[in-house]
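Q: Handing you a structure now.
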Amino acid sequence: MQRIINDPDKVVEDMLEGFLKVHKDLVVKTDNPRTIKYKNAPVEGKVGVVTGGGSGHKPAFIGYTGRNMLDAVAVGEVFSSPTAKAFYDAFRAADSGKGVACLYGNYAGDNMNVKMAVDIAEEDGIEVKTVVANDDVASAPITEREKRRGVAGEIFMWKIGGAKAAKGGSLDEVIAAAQKAIDNTRSVGIGLTSCTIPAVGKPNFKIENGTMEVGIGHHGEPGIKVTELKTADEIAQIMLEIILPDYPFVAGDEVAVLLSGLGATPVMELYILYSKVEALLQERGIKVHRSYVGNYFTSLEMMGATLTIMKLDNELKDLLDMEADSIGLKQF
Amino acid sequence: MQRIINDPDKVVEDMLEGFLKVHKDLVVKTDNPRTIKYKNAPVEGKVGVVTGGGSGHKPAFIGYTGRNMLDAVAVGEVFSSPTAKAFYDAFRAADSGKGVACLYGNYAGDNMNVKMAVDIAEEDGIEVKTVVANDDVASAPITEREKRRGVAGEIFMWKIGGAKAAKGGSLDEVIAAAQKAIDNTRSVGIGLTSCTIPAVGKPNFKIENGTMEVGIGHHGEPGIKVTELKTADEIAQIMLEIILPDYPFVAGDEVAVLLSGLGATPVMELYILYSKVEALLQERGIKVHRSYVGNYFTSLEMMGATLTIMKLDNELKDLLDMEADSIGLKQF
Amino acid sequence: MDYFYNNKGVGIVLGLIKTIQDNKDYLSEIDGALGDGDHGINMNKGFTLCKERLTADVTDFSKALKTLGRVLLMEIGGSMGPLYGTFFIEMSKKCADKETIDKNTFKEMIEAALNGISTLGKAKVGDKTLIDTLVPAVEAYNKALAEGKDFSGALIEMKAAAEKGKDSTKDMVAKIGRASRLGERSRGVLDAGSISCYLIIASISDSIKALLES
Amino acid sequence: MDYFYNNKGVGIVLGLIKTIQDNKDYLSEIDGALGDGDHGINMNKGFTLCKERLTADVTDFSKALKTLGRVLLMEIGGSMGPLYGTFFIEMSKKCADKETIDKNTFKEMIEAALNGISTLGKAKVGDKTLIDTLVPAVEAYNKALAEGKDFSGALIEMKAAAEKGKDSTKDMVAKIGRASRLGERSRGVLDAGSISCYLIIASISDSIKALLES
Ligand SMILES: Nc1ncnc2c1ncn2[C@@H]1O[C@H](COP(=O)(O)OP(=O)(O)O)[C@@H](O)[C@H]1O
Ligand SMILES: Nc1ncnc2c1ncn2[C@@H]1O[C@H](COP(=O)(O)OP(=O)(O)O)[C@@H](O)[C@H]1O
Ligand SMILES: [Mg+2]
Ligand SMILES: [Mg+2]
Ligand SMILES: [Mg+2]
Ligand SMILES: [Mg+2]
């Protein structure tokens with residue numbers, strides 16, 4: 001394990017210390033060491049927007065804290081849900097009295113911890129509503145959509161929810177916009193190598209050289225199938241064949257595309273892959289309104305990529321195009 | 001080799017295609033497929049700022065094209081200098097009649113290709129002056145500074161030169177500012193794993209598990225020594241012991257710090273490392289004015305990091321703080 | 001005796017903690033086959049932290065259970081935090097006001113624990129989770145009581161059923177959690193959570209039996 | 001004959017190209033020991049591209065050299081582009097206006113080539129670069145001419161000296177380029193550029209000799 005760390009059991013604490021030093025102009029700590037917030041949160045008169053998740057996905061989750069984005073984030077161990085307390089403290093940090101939208105991903109741990117946090121918040125008079133991202137097409141068939149995980153599509157959900165809140169939307173409006181964003185979004189991942197959780201010390205799954213895992217999850221969860229490693233053009237094709245029919249996306253649609261590396265894949269390759277993705281979309285008459293290519297939602301040092309497509313309508317376009325200032329997403 | 005590519009000999013072409021699609025609001029192509037430019041270049045009345053270098057360092061080099069940053073960039077093969085023609089075409093693309101500052105790194109190939117390009121440009125009446133970055137302390141002793149390579153310190157050189165040009169500086173003033181920036185800058189890298197050039201197909205050097213290469217170059221050039229893999233805190237100490245005495249940086253100094261991952265090291269670890277770097281600087285009475293932590297100058301999928309420190313004076317502070325809009329560096 | 005004193009039961013929780021600490025690597029290894037290989041780490045972190053919090057003023061079994069549950073719930077996160085956190089908090093609630101704990105109190109405790117964990121996690125028998133250990137364990141305990149067995153006897157039945165339940169996960173296909181993505185590939189290996197649950201039940205059972213016999 | 005016709009010499013360049021293509025992997029492998037393992041790739045790319053550019057209207061040796069030099073200089077980049085680009089362009093300049101090329105013209109050609117490459121790259125003998133092949137090769141050729149040897153005889157001397165020069169890099173410590181960082185660690189392996197330079201000299205020498213004898 002080639003890692004630049006101190007104590008493998010303390011990577012999250014140590015990371016947060018550095019993170020808060022570097023980004024003090026944008027993000028500050030709260031009284032809970034596992035909850036951070038936008039320096040101006042709670043923003044007067046604005047619905048609070050909150051998420052939380054396991055660590056190891058930089059810039060997600062904490063890197064999306066900022067102006068017109070997330071107000072507070074609960075921080076978990078590597079690949080492990082934050083505590084109920086961290087979520088609860090994020091609600092407190094984000095609430096200006098207008099209520100809190102908790103926009104998180106569909107993982108068992110997150111579901112349970114959010115649920116308990118919402119219960120406590122309710123007792124305290126903080127109104128919290130939730131949207132659960134389930135954009136990962138490969139994680140369950142469409143007939144069991146409630147089982148699907150949230151992956152990089154969460155970024156679109158945060159962007160839309162954050163923008164709606166910034167525009168003065170009520171809690172219900174923010175929830176509706178974020179829900180629409182994720183309902184309109186589909187993702188699929190492909191994995192080329194595994195990764196090592198520092199505290200575990202060895203890779204917890206294996207992808208043979210020369211093969212790839214189609215539909216891999218953000219923690220290395222097995223995908224739909226293992227195939228030989230294809231070319232970038234073929235991979236683009238495979239990913240779109242999984243995503244496009246699932247919504248479905250059709251000719252005339254305008255979409256936003258996010259192609260995120262999983263960590264160790266050189267960004268050069270993401271551009272190569274993107275080029276074909278856009279070409280194939282164009283062939284089908286689907287127009288790319290905005291694209292994001294880079295390391296937006298990683299899985300430690302996995303090689304591979306997640307492709308995320310969100311169908312846009314006028315409201316979503318408007319919200320997506322809005323300025324945003326966060327570490328992971330800056331738009332002016 | 002777990003790569004998302006098509007033809008390994010065409011990765012740069014394929015990458016550029018995707019890059020230009022994604023960033024069309026900022027970067028456009030020129031008539032030379034290996035030269036790209038800021039969409040508003042040449043900027044009327046402004047000195048042109050240009051660089052060029054091998055590919056595989058995303059977001060460097062092309063990712064620093066943009067407003068108040070680079071006007072045009074020559075693109076080489078992976079880890080290999082661009083052609084003289086690409087540099088020449090970058091000069092043409094950037095020149096508004098005020099001359100061009102070519103700010104590049106000290107590599108044999110780049111030196112030769114820039115020299116030839118400058119010669120041709122001169123014949124055509126384009127005035128070009130150069131600054132050669134040599135911030136990599138480990139690449140030669142201080143007594144042979146002319147042999148030292150340029151590494152991530154180039155980003156500071158571009159930022160400062162780009163800002164000076166944007167403020168209306170003359171060619172000589174831009175050159176002087178960029179030269180001061182790099183003269184005030186020192187870097188050192190540590191490598192934890194090697195990387196594979198797509199066209200070569202296998203790693204061209206090896207770092208044993210459990211060891212690290214102190215002073216590694218941006219293409220895996222051997223460093224000062226190979227030691228056992230240390231903790232993040234120890235690595236911070238080692239890096240600073242190489243950098244600080246070389247300039248030297250002393251109590252009372254204000255500095256900018258850039259800590260870049262080499263590609264595959266999870267960003268989490270960079271924050272862990274940064275935290276100790278800042279603490280050690282503070283101990284010595286050195287104040288961090290601005291810090292940049294992330295994948296700013298990578299080497300394909302190498303694990304490791306480069307630490308870069310620039311000593312600031314009022315002019316440099318002013319220029320560093322100026323707004324900038326590029327893919328790799330956005331500051332508002 | 002067919003009961004034990006609440007204020008003599010802190011050792012039961014200490015035993016639990018030691019059991020988890022001793023099995024840290026084993027649990028992670030098992031989790032590595034179907035999950036992400038961190039079950040031992042997650043469990044160890046929570047139970048070890050609890051040990052630090054078990055200060056001198058925690059003198060009752062019920063309080064020790066509450067401390068453990070609270071630490072898991074509040075400070076551990078993941079799935080195990082809320083699931084086992086709820087488990088121990090529910091147990092503690094049912095004996096908080098008792099001076100002594102007999103077999104009927106213990107029945108209420110484990111039923112509440114099972115109920116809490118099921119409501120929260122929504123897993124069912126056959127899903128290949130810790131529920132496959134817990135449900136048969138509680139059923140066996142209740143059955144033993146119905147048959148007139150004493151506290152110790154019922155604990156023996158409970159432990160044996162937990163072990164069988166744990167072993168039953170081997171042939172199951174995971175239907176919940178990350179392993180469910182594996183489908184048929186998840187068959188043939190034990191579920192990590194069903195093992196930690198067995199270890200917990202076995203440890204509690206052994207500790208109480210020792211108390212009853214002392 | 002002790003000269004050959006410029007318009008019969010395109011094959012010399014084709015032979016060069018084939019030599020580099022045939023040795024692509026070998027050159028990269030050698031470069032991998034001290035450099036970044038791409039020397040064969042860089043060379044092969046440039047020389048192969050040149051082959052595509054050698055259209056029907058390129059009928060002279062001097063024009064073929066110019067095409068090769070131009071392609072390397074303009075389209076290859078790295079160090080090899082400018083260095084070998086200059087090398088071939090300088091060679092071509094010295095025979096551009098000649099109908100025939102004799103041993104004295106060839107002397108001017110290789111001297112100009114050496115001069116161009118030295119001025120640009122600033123490497124010296126002993127730095128462990130292609131200069132360690134080129135300098136002795138040119139010296140040996142000139143010496144042979146001074147001793148009154150004929151064209152073929154001088155070419156033989158040139159090739160032999162180039163080979164010795166190449167072999168001499170084995171015991172050197174690199175002083176220039178990326179390998180210089182290795183210091184003492186660079187001793188004991190041949191320099192990749194010195195090999196490609198030897199292959200080029202050997203190929204030219206053999207091709208011209210064949211022309212002279214035909
Ligand atoms: N909804 C659930 N109900 C009950 N047990 C569950 C549930 N989800 C997961 N588990 C148990 O959790 C175990 C995994 O725990 P652990 O590895 O610590 O967490 P994670 O899966 O978040 O890495 C599984 O082996 C399974 O027994
Ligand atoms: N300044 C120089 N002068 C002459 N030859 C050089 C010089 N620098 C490097 N070389 C030669 O270049 C060779 C390496 O070429 P290549 O691998 O293609 O380029 P790069 O080093 O950019 O990867 C070395 O083996 C050496 O012989
Ligand atoms: Mg986990
Ligand atoms: Mg090279
Ligand atoms: Mg697990
Ligand atoms: Mg090389």
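Ligands are numbered from 1 in the order shown, residues from 1 within each chain, and chains are lettered A, B, ... in the order they appear in the structure tokens.
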Distance cut-off 8 Å, counting only C-alpha atoms - which residues of chain B neighbour chain D? Return them as a count of residues only.
A: 26
Q: Could I get chain C fitted onto chain D (least squares, all C-alpha atoms, in order) as a compact mmCIF listing (two decimals) with C-alpha atoms, in the first residue's frame?
A:
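Here's the written file result.txt:
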```txt
# COMPACT_ATOMS: atom_id res chain seq x y z
CA MET C 1 33.13 4.80 -59.32
CA ASP C 2 34.06 7.03 -56.42
CA TYR C 3 30.81 8.98 -56.43
CA PHE C 4 27.10 8.31 -56.82
CA TYR C 5 24.29 10.21 -58.49
CA ASN C 6 22.16 12.37 -56.25
CA ASN C 7 19.08 11.13 -58.11
CA LYS C 8 19.98 7.51 -57.38
CA GLY C 9 20.19 8.07 -53.62
CA VAL C 10 16.60 8.06 -52.40
CA GLY C 11 17.04 4.41 -51.50
CA ILE C 12 19.62 5.43 -48.89
CA VAL C 13 16.91 7.25 -46.97
CA LEU C 14 14.45 4.41 -47.46
CA GLY C 15 17.04 2.07 -46.00
CA LEU C 16 17.47 4.38 -43.05
CA ILE C 17 13.76 4.37 -42.42
CA LYS C 18 13.59 0.61 -42.54
CA THR C 19 16.52 0.31 -40.14
CA ILE C 20 14.80 2.52 -37.57
CA GLN C 21 11.49 0.71 -37.99
CA ASP C 22 13.17 -2.65 -37.50
CA ASN C 23 14.86 -1.46 -34.32
CA LYS C 24 11.92 0.34 -32.74
CA ASP C 25 11.45 -2.02 -29.82
CA TYR C 26 15.15 -2.47 -29.23
CA LEU C 27 15.72 1.29 -28.98
CA SER C 28 12.83 1.76 -26.58
CA GLU C 29 14.04 -1.05 -24.43
CA ILE C 30 17.50 0.43 -24.15
CA ASP C 31 16.02 3.87 -23.41
CA GLY C 32 13.95 2.26 -20.65
CA ALA C 33 17.09 1.49 -18.66
CA LEU C 34 18.16 5.13 -18.28
CA GLY C 35 15.46 7.21 -19.89
CA ASP C 36 11.73 7.00 -20.32
CA GLY C 37 11.60 4.12 -22.74
CA ASP C 38 10.31 5.98 -25.76
CA HIS C 39 13.33 6.44 -27.98
CA GLY C 40 12.22 3.73 -30.41
CA ILE C 41 8.72 5.16 -30.50
CA ASN C 42 9.92 8.68 -31.14
CA MET C 43 12.32 7.61 -33.86
CA ASN C 44 9.89 5.22 -35.50
CA LYS C 45 7.13 7.80 -35.56
CA GLY C 46 9.29 10.38 -37.31
CA PHE C 47 10.91 8.05 -39.80
CA THR C 48 7.62 6.33 -40.66
CA LEU C 49 5.90 9.66 -41.18
CA CYS C 50 8.75 10.63 -43.47
CA LYS C 51 8.17 7.54 -45.55
CA GLU C 52 4.60 8.70 -46.20
CA ARG C 53 5.92 12.07 -47.32
CA LEU C 54 8.47 10.62 -49.71
CA THR C 55 6.17 11.06 -52.67
CA ALA C 56 7.05 10.34 -56.29
CA ASP C 57 8.47 13.81 -56.83
CA VAL C 58 11.18 13.29 -54.24
CA THR C 59 13.74 11.85 -56.61
CA ASP C 60 17.02 13.04 -55.12
CA PHE C 61 19.03 11.93 -52.11
CA SER C 62 19.29 15.59 -51.05
CA LYS C 63 15.54 16.09 -51.29
CA ALA C 64 14.83 12.92 -49.41
CA LEU C 65 17.21 14.05 -46.66
CA LYS C 66 15.45 17.39 -46.56
CA THR C 67 12.03 15.74 -46.30
CA LEU C 68 13.26 13.54 -43.48
CA GLY C 69 14.83 16.49 -41.67
CA ARG C 70 11.75 18.64 -42.11
CA VAL C 71 9.38 15.96 -40.82
CA LEU C 72 11.56 15.37 -37.79
CA LEU C 73 11.96 19.06 -37.07
CA MET C 74 8.40 20.11 -37.69
CA GLU C 75 6.30 17.17 -36.67
CA ILE C 76 8.09 15.07 -34.10
CA GLY C 77 9.12 17.25 -31.21
CA GLY C 78 10.97 15.82 -28.24
CA SER C 79 14.78 16.03 -28.42
CA MET C 80 15.09 13.76 -31.39
CA GLY C 81 12.98 15.97 -33.64
CA PRO C 82 15.26 18.97 -33.53
CA LEU C 83 18.52 17.03 -33.16
CA TYR C 84 18.13 14.53 -35.98
CA GLY C 85 16.03 17.04 -37.89
CA THR C 86 18.97 19.44 -37.89
CA PHE C 87 21.30 16.55 -38.68
CA PHE C 88 19.53 15.60 -41.90
CA ILE C 89 18.72 19.13 -42.98
CA GLU C 90 22.36 20.13 -42.64
CA MET C 91 23.37 17.07 -44.64
CA SER C 92 20.88 17.90 -47.34
CA LYS C 93 22.00 21.52 -47.64
CA LYS C 94 25.52 20.47 -48.54
CA CYS C 95 24.42 18.36 -51.47
CA ALA C 96 21.27 20.12 -52.61
CA ASP C 97 22.84 21.50 -55.77
CA LYS C 98 25.00 18.51 -56.62
CA GLU C 99 24.39 16.12 -59.44
CA THR C 100 26.84 13.66 -58.00
CA ILE C 101 28.11 13.12 -54.51
CA ASP C 102 31.71 12.19 -53.96
CA LYS C 103 33.73 11.59 -50.85
CA ASN C 104 34.52 15.26 -50.36
CA THR C 105 30.91 16.34 -50.63
CA PHE C 106 30.02 13.66 -48.16
CA LYS C 107 32.73 14.97 -45.84
CA GLU C 108 31.13 18.40 -45.91
CA MET C 109 27.75 16.82 -45.29
CA ILE C 110 28.65 14.93 -42.16
CA GLU C 111 30.71 17.78 -40.79
CA ALA C 112 27.79 20.15 -41.21
CA ALA C 113 25.47 17.61 -39.61
CA LEU C 114 27.78 17.18 -36.64
CA ASN C 115 28.20 20.90 -36.34
CA GLY C 116 24.46 21.52 -36.39
CA ILE C 117 23.66 18.89 -33.81
CA SER C 118 26.47 20.03 -31.49
CA THR C 119 25.49 23.66 -31.64
CA LEU C 120 21.89 22.85 -30.89
CA GLY C 121 22.29 20.12 -28.27
CA LYS C 122 25.53 21.32 -26.69
CA ALA C 123 26.51 17.78 -25.75
CA LYS C 124 30.20 16.91 -25.71
CA VAL C 125 32.07 13.67 -26.15
CA GLY C 126 31.82 11.77 -22.89
CA ASP C 127 28.36 13.04 -21.98
CA LYS C 128 26.86 9.67 -22.97
CA THR C 129 24.78 10.78 -25.93
CA LEU C 130 24.62 10.21 -29.65
CA ILE C 131 27.54 12.64 -29.91
CA ASP C 132 29.76 9.83 -28.65
CA THR C 133 28.89 7.92 -31.79
CA LEU C 134 28.93 10.81 -34.19
CA VAL C 135 32.18 12.56 -33.30
CA PRO C 136 34.50 9.55 -33.68
CA ALA C 137 32.61 8.54 -36.82
CA VAL C 138 33.23 11.89 -38.49
CA GLU C 139 36.82 11.95 -37.28
CA ALA C 140 37.50 8.49 -38.63
CA TYR C 141 36.00 9.40 -41.99
CA ASN C 142 38.14 12.52 -42.24
CA LYS C 143 41.23 10.68 -41.19
CA ALA C 144 40.62 8.04 -43.85
CA LEU C 145 40.28 10.74 -46.45
CA ALA C 146 43.48 12.39 -45.25
CA GLU C 147 45.19 9.04 -45.59
CA GLY C 148 44.04 8.87 -49.21
CA LYS C 149 41.43 6.15 -48.76
CA ASP C 150 38.65 6.01 -51.31
CA PHE C 151 34.95 6.73 -50.56
CA SER C 152 34.11 3.13 -49.72
CA GLY C 153 37.16 2.71 -47.57
CA ALA C 154 36.38 5.86 -45.63
CA LEU C 155 32.78 4.74 -45.13
CA ILE C 156 34.04 1.48 -43.66
CA GLU C 157 36.25 3.39 -41.23
CA MET C 158 33.35 5.68 -40.33
CA LYS C 159 31.03 2.81 -39.55
CA ALA C 160 33.62 0.99 -37.47
CA ALA C 161 34.37 4.12 -35.47
CA ALA C 162 30.66 4.75 -34.92
CA GLU C 163 30.29 1.28 -33.50
CA LYS C 164 33.23 1.77 -31.17
CA GLY C 165 31.85 5.16 -30.17
CA LYS C 166 28.50 3.66 -29.40
CA ASP C 167 30.11 0.94 -27.29
CA SER C 168 32.14 3.54 -25.43
CA THR C 169 28.95 4.97 -23.91
CA LYS C 170 28.52 1.86 -21.85
CA ASP C 171 31.08 2.85 -19.28
CA MET C 172 30.15 6.49 -19.20
CA VAL C 173 28.21 8.38 -16.58
CA ALA C 174 25.43 10.44 -18.22
CA LYS C 175 26.01 14.18 -17.99
CA ILE C 176 23.11 15.47 -20.03
CA GLY C 177 19.41 14.74 -20.52
CA ARG C 178 17.22 12.79 -18.19
CA ALA C 179 19.75 10.05 -17.57
CA SER C 180 22.11 12.55 -15.95
CA ARG C 181 19.98 12.43 -12.82
CA LEU C 182 21.08 8.86 -12.32
CA GLY C 183 24.71 9.82 -11.79
CA GLU C 184 26.77 6.69 -11.16
CA ARG C 185 23.65 4.57 -11.62
CA SER C 186 23.80 5.36 -15.34
CA ARG C 187 27.07 3.47 -15.82
CA GLY C 188 27.04 0.01 -17.35
CA VAL C 189 24.34 0.46 -19.96
CA LEU C 190 24.55 1.73 -23.53
CA ASP C 191 22.97 5.07 -24.37
CA ALA C 192 19.90 4.72 -26.58
CA GLY C 193 20.67 7.72 -28.77
CA SER C 194 24.21 6.50 -29.40
CA ILE C 195 22.72 3.28 -30.74
CA SER C 196 20.21 4.97 -33.04
CA CYS C 197 23.02 7.18 -34.28
CA TYR C 198 25.18 4.14 -34.97
CA LEU C 199 22.31 2.46 -36.81
CA ILE C 200 21.88 5.56 -38.95
CA ILE C 201 25.56 5.83 -39.79
CA ALA C 202 25.85 2.13 -40.47
CA SER C 203 22.82 2.15 -42.72
CA ILE C 204 23.99 5.18 -44.70
CA SER C 205 27.46 3.73 -45.01
CA ASP C 206 26.22 0.36 -46.24
CA SER C 207 23.76 1.90 -48.68
CA ILE C 208 26.30 4.25 -50.23
CA LYS C 209 28.87 1.48 -50.50
CA ALA C 210 26.35 -0.64 -52.35
CA LEU C 211 25.62 2.28 -54.68
CA LEU C 212 29.30 2.88 -55.32
CA GLU C 213 29.82 -0.75 -56.16
CA SER C 214 26.79 -1.03 -58.44
```
Q: Once you count only C-alpha atoms, what closest atom pair and distance in Å to one decimal does each residue of chain A within 6 Å of chain B have, with rows by chain and rising residue number, as a Markdown table?
A:
```
| residue | atom | partner | partner_atom | distance |
| --- | --- | --- | --- | --- |
| A:Gln2 | CA | B:Leu192 | CA | 5.9 |
| A:Ile4 | CA | B:Ala232 | CA | 4.9 |
| A:Ile5 | CA | B:Ala232 | CA | 4.6 |
| A:Asn6 | CA | B:Thr231 | CA | 4.9 |
| A:Asp14 | CA | B:Ile272 | CA | 5.2 |
| A:Met15 | CA | B:Ile272 | CA | 4.6 |
| A:Gly18 | CA | B:Ser275 | CA | 4.1 |
| A:Phe19 | CA | B:Tyr271 | CA | 5.6 |
| A:Val22 | CA | B:Ser291 | CA | 5.9 |
| A:Leu192 | CA | B:Gln2 | CA | 5.9 |
| A:Thr231 | CA | B:Asn6 | CA | 4.9 |
| A:Ala232 | CA | B:Ile5 | CA | 4.6 |
| A:Ala264 | CA | B:Ala264 | CA | 4.0 |
| A:Pro266 | CA | B:Leu300 | CA | 5.1 |
| A:Met268 | CA | B:Met15 | CA | 5.6 |
| A:Glu269 | CA | B:Ile4 | CA | 5.5 |
| A:Tyr271 | CA | B:Gly18 | CA | 4.5 |
| A:Ile272 | CA | B:Met15 | CA | 4.6 |
| A:Tyr274 | CA | B:Gly18 | CA | 5.7 |
| A:Ser275 | CA | B:Gly18 | CA | 4.1 |
| A:Ser291 | CA | B:Val22 | CA | 5.9 |
| A:Leu300 | CA | B:Pro266 | CA | 5.1 |
| A:Glu301 | CA | B:Ala264 | CA | 5.6 |
```
Q: Produce a file of the selected residues containing N, CA, C and O atoms, as a compact mmCIF listing (two decimals), in the first residue's frame.
A:
```txt
# COMPACT_ATOMS: atom_id res chain seq x y z
N GLN A 2 0.90 1.95 -1.13
CA GLN A 2 1.76 3.11 -1.27
C GLN A 2 0.96 4.37 -0.92
O GLN A 2 0.38 5.00 -1.80
N ILE A 4 0.44 8.11 1.36
CA ILE A 4 1.01 9.23 2.11
C ILE A 4 0.08 9.53 3.27
O ILE A 4 -0.82 10.37 3.16
N ILE A 5 0.25 8.79 4.34
CA ILE A 5 -0.65 8.97 5.48
C ILE A 5 0.14 8.86 6.77
O ILE A 5 1.32 8.50 6.75
N ASN A 6 -0.51 9.16 7.85
CA ASN A 6 0.08 8.89 9.16
C ASN A 6 -0.56 7.63 9.69
O ASN A 6 -0.27 6.57 9.20
N ASP A 14 -7.13 13.51 9.79
CA ASP A 14 -5.94 14.20 9.27
C ASP A 14 -6.27 14.93 7.98
O ASP A 14 -5.81 16.05 7.74
N MET A 15 -7.07 14.30 7.14
CA MET A 15 -7.46 14.93 5.88
C MET A 15 -8.25 16.21 6.15
O MET A 15 -7.98 17.26 5.56
N GLY A 18 -6.16 19.26 7.07
CA GLY A 18 -5.54 19.92 5.91
C GLY A 18 -6.57 20.62 5.05
O GLY A 18 -6.37 21.76 4.61
N PHE A 19 -7.69 19.96 4.83
CA PHE A 19 -8.75 20.51 3.99
C PHE A 19 -9.21 21.87 4.52
O PHE A 19 -9.36 22.83 3.76
N VAL A 22 -6.61 24.63 3.91
CA VAL A 22 -6.48 25.08 2.51
C VAL A 22 -7.70 25.91 2.10
O VAL A 22 -7.57 26.91 1.40
N LEU A 192 -11.34 -0.39 -13.88
CA LEU A 192 -10.17 -1.03 -14.50
C LEU A 192 -9.18 -1.56 -13.48
O LEU A 192 -8.40 -2.46 -13.78
N THR A 231 -11.61 -0.78 -26.18
CA THR A 231 -11.09 0.55 -26.52
C THR A 231 -12.02 1.62 -25.96
O THR A 231 -13.16 1.35 -25.59
N ALA A 232 -11.49 2.85 -25.94
CA ALA A 232 -12.30 3.97 -25.43
C ALA A 232 -13.60 4.08 -26.22
O ALA A 232 -14.67 4.29 -25.65
N ALA A 264 -7.45 7.21 -10.39
CA ALA A 264 -6.11 7.03 -10.96
C ALA A 264 -6.07 7.05 -12.48
O ALA A 264 -4.99 7.05 -13.06
N PRO A 266 -5.65 8.60 -15.80
CA PRO A 266 -5.21 9.93 -16.23
C PRO A 266 -6.35 10.68 -16.92
O PRO A 266 -7.10 10.09 -17.71
N MET A 268 -6.37 12.66 -19.24
CA MET A 268 -6.23 12.52 -20.69
C MET A 268 -7.20 11.47 -21.25
O MET A 268 -7.84 11.67 -22.28
N GLU A 269 -7.31 10.36 -20.55
CA GLU A 269 -8.16 9.28 -21.04
C GLU A 269 -9.64 9.63 -20.94
O GLU A 269 -10.45 9.17 -21.75
N TYR A 271 -10.86 12.53 -21.49
CA TYR A 271 -11.18 13.33 -22.68
C TYR A 271 -11.34 12.44 -23.90
O TYR A 271 -12.21 12.67 -24.74
N ILE A 272 -10.50 11.43 -24.00
CA ILE A 272 -10.60 10.49 -25.13
C ILE A 272 -11.97 9.82 -25.11
O ILE A 272 -12.66 9.73 -26.13
N TYR A 274 -14.67 10.87 -23.51
CA TYR A 274 -15.75 11.85 -23.69
C TYR A 274 -16.01 12.15 -25.16
O TYR A 274 -17.15 12.33 -25.59
N SER A 275 -14.92 12.25 -25.90
CA SER A 275 -15.05 12.62 -27.30
C SER A 275 -16.02 11.70 -28.03
O SER A 275 -16.88 12.12 -28.78
N SER A 291 -20.98 20.01 -20.40
CA SER A 291 -20.28 18.77 -20.04
C SER A 291 -19.22 19.06 -18.99
O SER A 291 -18.63 20.13 -18.94
N LEU A 300 -10.96 6.60 -4.24
CA LEU A 300 -9.54 6.46 -3.92
C LEU A 300 -8.73 6.37 -5.21
O LEU A 300 -8.87 7.22 -6.06
N GLU A 301 -7.93 5.30 -5.36
CA GLU A 301 -7.07 5.22 -6.54
C GLU A 301 -7.55 4.18 -7.55
O GLU A 301 -6.77 3.58 -8.28
```
Q: Report the residues of chain C whose backbone DSSP state falls under strand (DSSP E), written as a list of chain:residue names.
A: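 Strand (DSSP E) assignments inside chain C correspond to C:Tyr3, C:Phe4, C:Tyr5, C:Thr100, C:Ile101, C:Asp102.
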Q: Can I get the selection written as a CSV table (one decimal), in the first residue's frame, with N, CA and C atoms?
A:
```csv
chain,number,residue,atom,x,y,z
C,3,TYR,N,-31.2,-15.6,37.9
C,3,TYR,CA,-31.2,-14.2,37.5
C,3,TYR,C,-29.8,-13.7,37.9
C,4,PHE,N,-29.4,-12.5,37.4
C,4,PHE,CA,-28.2,-11.9,37.9
C,4,PHE,C,-28.4,-10.4,38.2
C,5,TYR,N,-27.5,-9.9,39.0
C,5,TYR,CA,-27.7,-8.5,39.3
C,5,TYR,C,-27.3,-7.6,38.2
C,100,THR,N,-32.4,-6.7,39.1
C,100,THR,CA,-32.0,-8.0,38.7
C,100,THR,C,-32.6,-8.3,37.3
C,101,ILE,N,-31.8,-9.2,36.6
C,101,ILE,CA,-32.3,-9.6,35.3
C,101,ILE,C,-32.5,-11.1,35.2
C,102,ASP,N,-33.8,-11.4,35.0
C,102,ASP,CA,-34.1,-12.9,34.9
C,102,ASP,C,-34.4,-13.2,33.4
```
Q: Closest to ligand 6 among B:Ala251, B:Pro42, B:Ile197, B:Ala152, using only C-alpha atoms and all ligand atoms?
A: B:Ile197
Q: Have a look at atom CA of Gly215 of chain A and atom CA of Ile190 of chain A and let me know their distance in Å, one decimal.
A: 5.4 Å
Q: Report, in Å with one decimal, the straight-line distance from atom 1 (Mg, counted along the ligand's line) of ligand 4 to atom CA of Thr196 of chain B.
A: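 A separation of 12.0 Å between them.
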